[in-house]
Amino acid sequence: MAGANRAAAIRRIFAAYLVNDRNFVENALSDDFRFTSPYDDNIDKPAYFERCWKNSDWIERHELERIFVEGDEAFVTYRC
């Protein structure tokens, strides 16, 4: 998938997060998905959903600031 397509997929994942469409997000992320944030370091997909998804209902909105894609990796900055 080209970088622009991956960036578009990331935007769709963030949109699904806002409407609590967990099924979409689970299907969009690969089984070897890894997530890192200031609070989580290189957690796997099950840990991501355990730690991060349960808090999705408190987010009223978010603004994507930057999406950097290189190969199979992406780095996203956003404001909640």
# chains A, B, ... in the order shown; residues from 1 in each chain; ligands from 1

call {"tool": "residues_around", "arguments": {"residues": "Arg11 (chain A)", "least_positions_apart": "5", "cutoff": "9 Å", "atoms": "only C-alpha atoms", "output": "list in words"}}
result
Arg6, Ala16, Leu64 and Ile67 of chain A

call {"tool": "write_last_selection", "arguments": {"atoms": "N, CA and C atoms", "output": "tab-separated table (two decimals), in the first residue's frame"}}
result
chain	number	residue	atom	x	y	z
A	6	ARG	N	-1.97	4.50	2.98
A	6	ARG	CA	-1.82	4.20	4.41
A	6	ARG	C	-2.29	5.39	5.25
A	16	ALA	N	-13.20	6.03	12.95
A	16	ALA	CA	-13.91	4.91	13.57
A	16	ALA	C	-13.76	4.93	15.08
A	64	LEU	N	-6.06	15.45	13.75
A	64	LEU	CA	-4.81	14.87	13.27
A	64	LEU	C	-3.91	16.01	12.82
A	67	ILE	N	0.81	12.91	9.82
A	67	ILE	CA	0.88	11.47	9.60
A	67	ILE	C	2.13	11.24	8.76

call {"tool": "residues_around", "arguments": {"residues": "Tyr39 (chain A)", "least_positions_apart": "6", "cutoff": "12 Å", "atoms": "only C-alpha atoms", "output": "MDAnalysis selection string"}}
result
chainID A and resid 48 51:52

call {"tool": "residues_around", "arguments": {"residues": "region 21-30 of chain A", "least_positions_apart": "3", "cutoff": "10 Å", "atoms": "only C-alpha atoms", "output": "mmCIF file with all heavy atoms, in the first residue's frame"}}
result
data_model
loop_
_atom_site.group_PDB
_atom_site.id
_atom_site.type_symbol
_atom_site.label_atom_id
_atom_site.label_comp_id
_atom_site.auth_asym_id
_atom_site.auth_seq_id
_atom_site.Cartn_x
_atom_site.Cartn_y
_atom_site.Cartn_z
ATOM 1 N N ALA A 9 -5.974 5.333 5.321
ATOM 2 C CA ALA A 9 -6.439 4.271 6.227
ATOM 3 C C ALA A 9 -6.334 4.726 7.683
ATOM 4 O O ALA A 9 -7.230 4.464 8.497
ATOM 5 C CB ALA A 9 -5.632 2.994 5.998
ATOM 6 N N ILE A 10 -5.265 5.421 8.011
ATOM 7 C CA ILE A 10 -5.093 5.941 9.375
ATOM 8 C C ILE A 10 -6.202 6.938 9.695
ATOM 9 O O ILE A 10 -6.779 6.903 10.790
ATOM 10 C CB ILE A 10 -3.698 6.562 9.544
ATOM 11 C CG1 ILE A 10 -2.643 5.453 9.527
ATOM 12 C CG2 ILE A 10 -3.614 7.399 10.822
ATOM 13 C CD1 ILE A 10 -1.222 5.934 9.355
ATOM 14 N N ARG A 12 -9.209 6.930 8.470
ATOM 15 C CA ARG A 12 -10.436 6.144 8.676
ATOM 16 C C ARG A 12 -10.435 5.476 10.043
ATOM 17 O O ARG A 12 -11.478 5.400 10.701
ATOM 18 C CB ARG A 12 -10.592 5.107 7.563
ATOM 19 C CG ARG A 12 -10.981 5.725 6.222
ATOM 20 C CD ARG A 12 -11.377 4.686 5.189
ATOM 21 N NE ARG A 12 -10.340 3.719 4.898
ATOM 22 C CZ ARG A 12 -9.412 3.852 3.952
ATOM 23 N NH1 ARG A 12 -9.377 4.943 3.213
ATOM 24 N NH2 ARG A 12 -8.513 2.916 3.757
ATOM 25 N N ILE A 13 -9.287 5.005 10.491
ATOM 26 C CA ILE A 13 -9.193 4.387 11.820
ATOM 27 C C ILE A 13 -9.500 5.416 12.902
ATOM 28 O O ILE A 13 -10.257 5.128 13.837
ATOM 29 C CB ILE A 13 -7.806 3.744 12.027
ATOM 30 C CG1 ILE A 13 -7.675 2.502 11.136
ATOM 31 C CG2 ILE A 13 -7.582 3.403 13.495
ATOM 32 C CD1 ILE A 13 -6.272 1.943 11.045
ATOM 33 N N PHE A 14 -8.947 6.607 12.779
ATOM 34 C CA PHE A 14 -9.236 7.649 13.769
ATOM 35 C C PHE A 14 -10.716 8.022 13.759
ATOM 36 O O PHE A 14 -11.309 8.253 14.812
ATOM 37 C CB PHE A 14 -8.349 8.877 13.539
ATOM 38 C CG PHE A 14 -7.040 8.811 14.270
ATOM 39 C CD1 PHE A 14 -5.978 8.074 13.767
ATOM 40 C CD2 PHE A 14 -6.868 9.482 15.470
ATOM 41 C CE1 PHE A 14 -4.768 8.004 14.442
ATOM 42 C CE2 PHE A 14 -5.658 9.414 16.158
ATOM 43 C CZ PHE A 14 -4.608 8.676 15.644
ATOM 44 N N ALA A 15 -11.333 8.088 12.590
ATOM 45 C CA ALA A 15 -12.765 8.388 12.497
ATOM 46 C C ALA A 15 -13.588 7.280 13.158
ATOM 47 O O ALA A 15 -14.551 7.551 13.880
ATOM 48 C CB ALA A 15 -13.177 8.565 11.041
ATOM 49 N N ALA A 16 -13.199 6.032 12.953
ATOM 50 C CA ALA A 16 -13.908 4.911 13.569
ATOM 51 C C ALA A 16 -13.755 4.934 15.083
ATOM 52 O O ALA A 16 -14.688 4.588 15.818
ATOM 53 C CB ALA A 16 -13.389 3.591 12.998
ATOM 54 N N TYR A 17 -12.603 5.355 15.547
ATOM 55 C CA TYR A 17 -12.374 5.460 16.988
ATOM 56 C C TYR A 17 -13.371 6.430 17.620
ATOM 57 O O TYR A 17 -13.938 6.163 18.677
ATOM 58 C CB TYR A 17 -10.937 5.917 17.235
ATOM 59 C CG TYR A 17 -10.472 5.785 18.660
ATOM 60 C CD1 TYR A 17 -9.894 4.612 19.119
ATOM 61 C CD2 TYR A 17 -10.601 6.841 19.544
ATOM 62 C CE1 TYR A 17 -9.462 4.492 20.433
ATOM 63 C CE2 TYR A 17 -10.158 6.732 20.862
ATOM 64 C CZ TYR A 17 -9.592 5.556 21.297
ATOM 65 O OH TYR A 17 -9.165 5.445 22.590
ATOM 66 N N LEU A 18 -13.615 7.552 16.953
ATOM 67 C CA LEU A 18 -14.527 8.561 17.492
ATOM 68 C C LEU A 18 -15.966 8.067 17.609
ATOM 69 O O LEU A 18 -16.700 8.496 18.500
ATOM 70 C CB LEU A 18 -14.503 9.826 16.643
ATOM 71 C CG LEU A 18 -13.371 10.791 16.897
ATOM 72 C CD1 LEU A 18 -13.509 12.009 15.989
ATOM 73 C CD2 LEU A 18 -13.317 11.223 18.352
ATOM 74 N N PHE A 33 0.380 -5.693 15.012
ATOM 75 C CA PHE A 33 0.319 -4.271 15.318
ATOM 76 C C PHE A 33 1.048 -3.963 16.626
ATOM 77 O O PHE A 33 0.937 -4.697 17.599
ATOM 78 C CB PHE A 33 -1.156 -3.853 15.431
ATOM 79 C CG PHE A 33 -1.382 -2.461 15.957
ATOM 80 C CD1 PHE A 33 -1.211 -1.358 15.140
ATOM 81 C CD2 PHE A 33 -1.783 -2.253 17.271
ATOM 82 C CE1 PHE A 33 -1.438 -0.071 15.618
ATOM 83 C CE2 PHE A 33 -2.018 -0.973 17.758
ATOM 84 C CZ PHE A 33 -1.841 0.112 16.924
ATOM 85 N N ARG A 34 1.796 -2.875 16.640
ATOM 86 C CA ARG A 34 2.489 -2.389 17.841
ATOM 87 C C ARG A 34 2.144 -0.925 18.015
ATOM 88 O O ARG A 34 2.040 -0.180 17.028
ATOM 89 C CB ARG A 34 4.007 -2.544 17.732
ATOM 90 C CG ARG A 34 4.489 -3.943 17.380
ATOM 91 C CD ARG A 34 4.017 -5.002 18.298
ATOM 92 N NE ARG A 34 4.726 -4.947 19.566
ATOM 93 C CZ ARG A 34 4.564 -5.817 20.542
ATOM 94 N NH1 ARG A 34 3.727 -6.803 20.414
ATOM 95 N NH2 ARG A 34 5.229 -5.700 21.661
ATOM 96 N N LYS A 45 -1.418 -5.599 20.005
ATOM 97 C CA LYS A 45 -2.813 -5.306 19.683
ATOM 98 C C LYS A 45 -3.755 -5.591 20.855
ATOM 99 O O LYS A 45 -4.580 -4.728 21.189
ATOM 100 C CB LYS A 45 -3.217 -6.092 18.427
ATOM 101 C CG LYS A 45 -4.587 -5.779 17.889
ATOM 102 C CD LYS A 45 -4.801 -6.529 16.579
ATOM 103 C CE LYS A 45 -6.181 -6.351 16.029
ATOM 104 N NZ LYS A 45 -6.343 -7.062 14.742
ATOM 105 N N PRO A 46 -3.679 -6.762 21.505
ATOM 106 C CA PRO A 46 -4.577 -6.986 22.653
ATOM 107 C C PRO A 46 -4.368 -5.968 23.775
ATOM 108 O O PRO A 46 -5.346 -5.476 24.356
ATOM 109 C CB PRO A 46 -4.224 -8.402 23.120
ATOM 110 C CG PRO A 46 -3.656 -9.072 21.920
ATOM 111 C CD PRO A 46 -2.922 -7.977 21.175
ATOM 112 N N PHE A 49 -6.034 -2.602 22.876
ATOM 113 C CA PHE A 49 -7.479 -2.545 23.094
ATOM 114 C C PHE A 49 -7.822 -2.579 24.581
ATOM 115 O O PHE A 49 -8.773 -1.926 25.013
ATOM 116 C CB PHE A 49 -8.194 -3.652 22.321
ATOM 117 C CG PHE A 49 -8.343 -3.305 20.863
ATOM 118 C CD1 PHE A 49 -7.499 -3.858 19.921
ATOM 119 C CD2 PHE A 49 -9.288 -2.385 20.452
ATOM 120 C CE1 PHE A 49 -7.613 -3.517 18.577
ATOM 121 C CE2 PHE A 49 -9.411 -2.031 19.122
ATOM 122 C CZ PHE A 49 -8.577 -2.599 18.185
ATOM 123 N N TRP A 53 -8.713 1.338 24.229
ATOM 124 C CA TRP A 53 -10.075 1.406 23.703
ATOM 125 C C TRP A 53 -11.092 1.718 24.781
ATOM 126 O O TRP A 53 -12.037 2.463 24.569
ATOM 127 C CB TRP A 53 -10.461 0.116 22.981
ATOM 128 C CG TRP A 53 -11.739 0.347 22.241
ATOM 129 C CD1 TRP A 53 -13.005 0.121 22.684
ATOM 130 C CD2 TRP A 53 -11.874 0.926 20.945
ATOM 131 N NE1 TRP A 53 -13.916 0.507 21.751
ATOM 132 C CE2 TRP A 53 -13.247 1.001 20.667
ATOM 133 C CE3 TRP A 53 -10.953 1.378 20.001
ATOM 134 C CZ2 TRP A 53 -13.724 1.520 19.471
ATOM 135 C CZ3 TRP A 53 -11.439 1.877 18.819
ATOM 136 C CH2 TRP A 53 -12.811 1.947 18.566
ATOM 137 N N SER A 56 -12.107 5.293 24.916
ATOM 138 C CA SER A 56 -12.455 6.023 23.699
ATOM 139 C C SER A 56 -13.721 6.858 23.844
ATOM 140 O O SER A 56 -13.898 7.830 23.128
ATOM 141 C CB SER A 56 -12.601 5.066 22.523
ATOM 142 O OG SER A 56 -13.723 4.221 22.715
#

call {"tool": "closest_residue", "arguments": {"among": "A:Ala4, A:Asp32, A:Ile43, A:Ser37", "to": "Tyr78 (chain A)", "atoms": "only C-alpha atoms"}}
result
A:Ser37

call {"tool": "select_by_dssp", "arguments": {"residues": "region 11-77 of chain A", "states": "alpha helix (DSSP H)", "output": "PyMOL selection string"}}
result
chain A and resi 11-18+22-28+45-51

call {"tool": "write_last_selection", "arguments": {"atoms": "N, CA, C and O atoms", "output": "PDB file, in the first residue's frame"}}
result
ATOM      1  N   ARG A  11      -6.542   7.792   8.750  1.00  0.00           N
ATOM      2  CA  ARG A  11      -7.642   8.749   8.970  1.00  0.00           C
ATOM      3  C   ARG A  11      -8.961   8.014   9.217  1.00  0.00           C
ATOM      4  O   ARG A  11      -9.748   8.407  10.087  1.00  0.00           O
ATOM      5  N   ARG A  12      -9.209   6.930   8.470  1.00  0.00           N
ATOM      6  CA  ARG A  12     -10.436   6.144   8.676  1.00  0.00           C
ATOM      7  C   ARG A  12     -10.435   5.476  10.043  1.00  0.00           C
ATOM      8  O   ARG A  12     -11.478   5.400  10.701  1.00  0.00           O
ATOM      9  N   ILE A  13      -9.287   5.005  10.491  1.00  0.00           N
ATOM     10  CA  ILE A  13      -9.193   4.387  11.820  1.00  0.00           C
ATOM     11  C   ILE A  13      -9.500   5.416  12.902  1.00  0.00           C
ATOM     12  O   ILE A  13     -10.257   5.128  13.837  1.00  0.00           O
ATOM     13  N   PHE A  14      -8.947   6.607  12.779  1.00  0.00           N
ATOM     14  CA  PHE A  14      -9.236   7.649  13.769  1.00  0.00           C
ATOM     15  C   PHE A  14     -10.716   8.022  13.759  1.00  0.00           C
ATOM     16  O   PHE A  14     -11.309   8.253  14.812  1.00  0.00           O
ATOM     17  N   ALA A  15     -11.333   8.088  12.590  1.00  0.00           N
ATOM     18  CA  ALA A  15     -12.765   8.388  12.497  1.00  0.00           C
ATOM     19  C   ALA A  15     -13.588   7.280  13.158  1.00  0.00           C
ATOM     20  O   ALA A  15     -14.551   7.551  13.880  1.00  0.00           O
ATOM     21  N   ALA A  16     -13.199   6.032  12.953  1.00  0.00           N
ATOM     22  CA  ALA A  16     -13.908   4.911  13.569  1.00  0.00           C
ATOM     23  C   ALA A  16     -13.755   4.934  15.083  1.00  0.00           C
ATOM     24  O   ALA A  16     -14.688   4.588  15.818  1.00  0.00           O
ATOM     25  N   TYR A  17     -12.603   5.355  15.547  1.00  0.00           N
ATOM     26  CA  TYR A  17     -12.374   5.460  16.988  1.00  0.00           C
ATOM     27  C   TYR A  17     -13.371   6.430  17.620  1.00  0.00           C
ATOM     28  O   TYR A  17     -13.938   6.163  18.677  1.00  0.00           O
ATOM     29  N   LEU A  18     -13.615   7.552  16.953  1.00  0.00           N
ATOM     30  CA  LEU A  18     -14.527   8.561  17.492  1.00  0.00           C
ATOM     31  C   LEU A  18     -15.966   8.067  17.609  1.00  0.00           C
ATOM     32  O   LEU A  18     -16.700   8.496  18.500  1.00  0.00           O
ATOM     33  N   ARG A  22     -15.299  -0.317  17.150  1.00  0.00           N
ATOM     34  CA  ARG A  22     -14.167  -1.177  17.501  1.00  0.00           C
ATOM     35  C   ARG A  22     -13.943  -2.257  16.448  1.00  0.00           C
ATOM     36  O   ARG A  22     -12.797  -2.592  16.128  1.00  0.00           O
ATOM     37  N   ASN A  23     -15.010  -2.812  15.907  1.00  0.00           N
ATOM     38  CA  ASN A  23     -14.875  -3.874  14.914  1.00  0.00           C
ATOM     39  C   ASN A  23     -14.064  -3.380  13.707  1.00  0.00           C
ATOM     40  O   ASN A  23     -13.182  -4.094  13.218  1.00  0.00           O
ATOM     41  N   PHE A  24     -14.347  -2.176  13.230  1.00  0.00           N
ATOM     42  CA  PHE A  24     -13.589  -1.627  12.100  1.00  0.00           C
ATOM     43  C   PHE A  24     -12.110  -1.514  12.446  1.00  0.00           C
ATOM     44  O   PHE A  24     -11.244  -1.906  11.673  1.00  0.00           O
ATOM     45  N   VAL A  25     -11.829  -0.963  13.622  1.00  0.00           N
ATOM     46  CA  VAL A  25     -10.439  -0.753  14.029  1.00  0.00           C
ATOM     47  C   VAL A  25      -9.721  -2.093  14.206  1.00  0.00           C
ATOM     48  O   VAL A  25      -8.599  -2.263  13.739  1.00  0.00           O
ATOM     49  N   GLU A  26     -10.372  -3.054  14.843  1.00  0.00           N
ATOM     50  CA  GLU A  26      -9.738  -4.372  15.022  1.00  0.00           C
ATOM     51  C   GLU A  26      -9.394  -4.998  13.687  1.00  0.00           C
ATOM     52  O   GLU A  26      -8.329  -5.592  13.530  1.00  0.00           O
ATOM     53  N   ASN A  27     -10.296  -4.882  12.720  1.00  0.00           N
ATOM     54  CA  ASN A  27     -10.037  -5.464  11.401  1.00  0.00           C
ATOM     55  C   ASN A  27      -8.994  -4.684  10.609  1.00  0.00           C
ATOM     56  O   ASN A  27      -8.310  -5.247   9.759  1.00  0.00           O
ATOM     57  N   ALA A  28      -8.867  -3.397  10.885  1.00  0.00           N
ATOM     58  CA  ALA A  28      -7.906  -2.563  10.148  1.00  0.00           C
ATOM     59  C   ALA A  28      -6.471  -2.768  10.622  1.00  0.00           C
ATOM     60  O   ALA A  28      -5.523  -2.572   9.856  1.00  0.00           O
ATOM     61  N   LYS A  45      -1.418  -5.599  20.005  1.00  0.00           N
ATOM     62  CA  LYS A  45      -2.813  -5.306  19.683  1.00  0.00           C
ATOM     63  C   LYS A  45      -3.755  -5.591  20.855  1.00  0.00           C
ATOM     64  O   LYS A  45      -4.580  -4.728  21.189  1.00  0.00           O
ATOM     65  N   PRO A  46      -3.679  -6.762  21.505  1.00  0.00           N
ATOM     66  CA  PRO A  46      -4.577  -6.986  22.653  1.00  0.00           C
ATOM     67  C   PRO A  46      -4.368  -5.968  23.775  1.00  0.00           C
ATOM     68  O   PRO A  46      -5.346  -5.476  24.356  1.00  0.00           O
ATOM     69  N   ALA A  47      -3.131  -5.622  24.069  1.00  0.00           N
ATOM     70  CA  ALA A  47      -2.860  -4.633  25.120  1.00  0.00           C
ATOM     71  C   ALA A  47      -3.375  -3.264  24.709  1.00  0.00           C
ATOM     72  O   ALA A  47      -3.892  -2.507  25.536  1.00  0.00           O
ATOM     73  N   TYR A  48      -3.263  -2.936  23.429  1.00  0.00           N
ATOM     74  CA  TYR A  48      -3.791  -1.661  22.938  1.00  0.00           C
ATOM     75  C   TYR A  48      -5.286  -1.559  23.225  1.00  0.00           C
ATOM     76  O   TYR A  48      -5.766  -0.560  23.764  1.00  0.00           O
ATOM     77  N   PHE A  49      -6.034  -2.602  22.876  1.00  0.00           N
ATOM     78  CA  PHE A  49      -7.479  -2.545  23.094  1.00  0.00           C
ATOM     79  C   PHE A  49      -7.822  -2.579  24.581  1.00  0.00           C
ATOM     80  O   PHE A  49      -8.773  -1.926  25.013  1.00  0.00           O
ATOM     81  N   GLU A  50      -7.045  -3.278  25.356  1.00  0.00           N
ATOM     82  CA  GLU A  50      -7.284  -3.319  26.803  1.00  0.00           C
ATOM     83  C   GLU A  50      -7.035  -1.950  27.442  1.00  0.00           C
ATOM     84  O   GLU A  50      -7.815  -1.485  28.268  1.00  0.00           O
ATOM     85  N   ARG A  51      -5.950  -1.307  27.056  1.00  0.00           N
ATOM     86  CA  ARG A  51      -5.560  -0.044  27.697  1.00  0.00           C
ATOM     87  C   ARG A  51      -6.188   1.188  27.058  1.00  0.00           C
ATOM     88  O   ARG A  51      -6.512   2.149  27.751  1.00  0.00           O
TER      89      ARG A  51
END

call {"tool": "closest_residue", "arguments": {"among": "A:Glu65, A:Cys80, A:Trp58, A:Asp44", "to": "Asp31 (chain A)", "atoms": "only C-alpha atoms"}}
result
A:Asp44
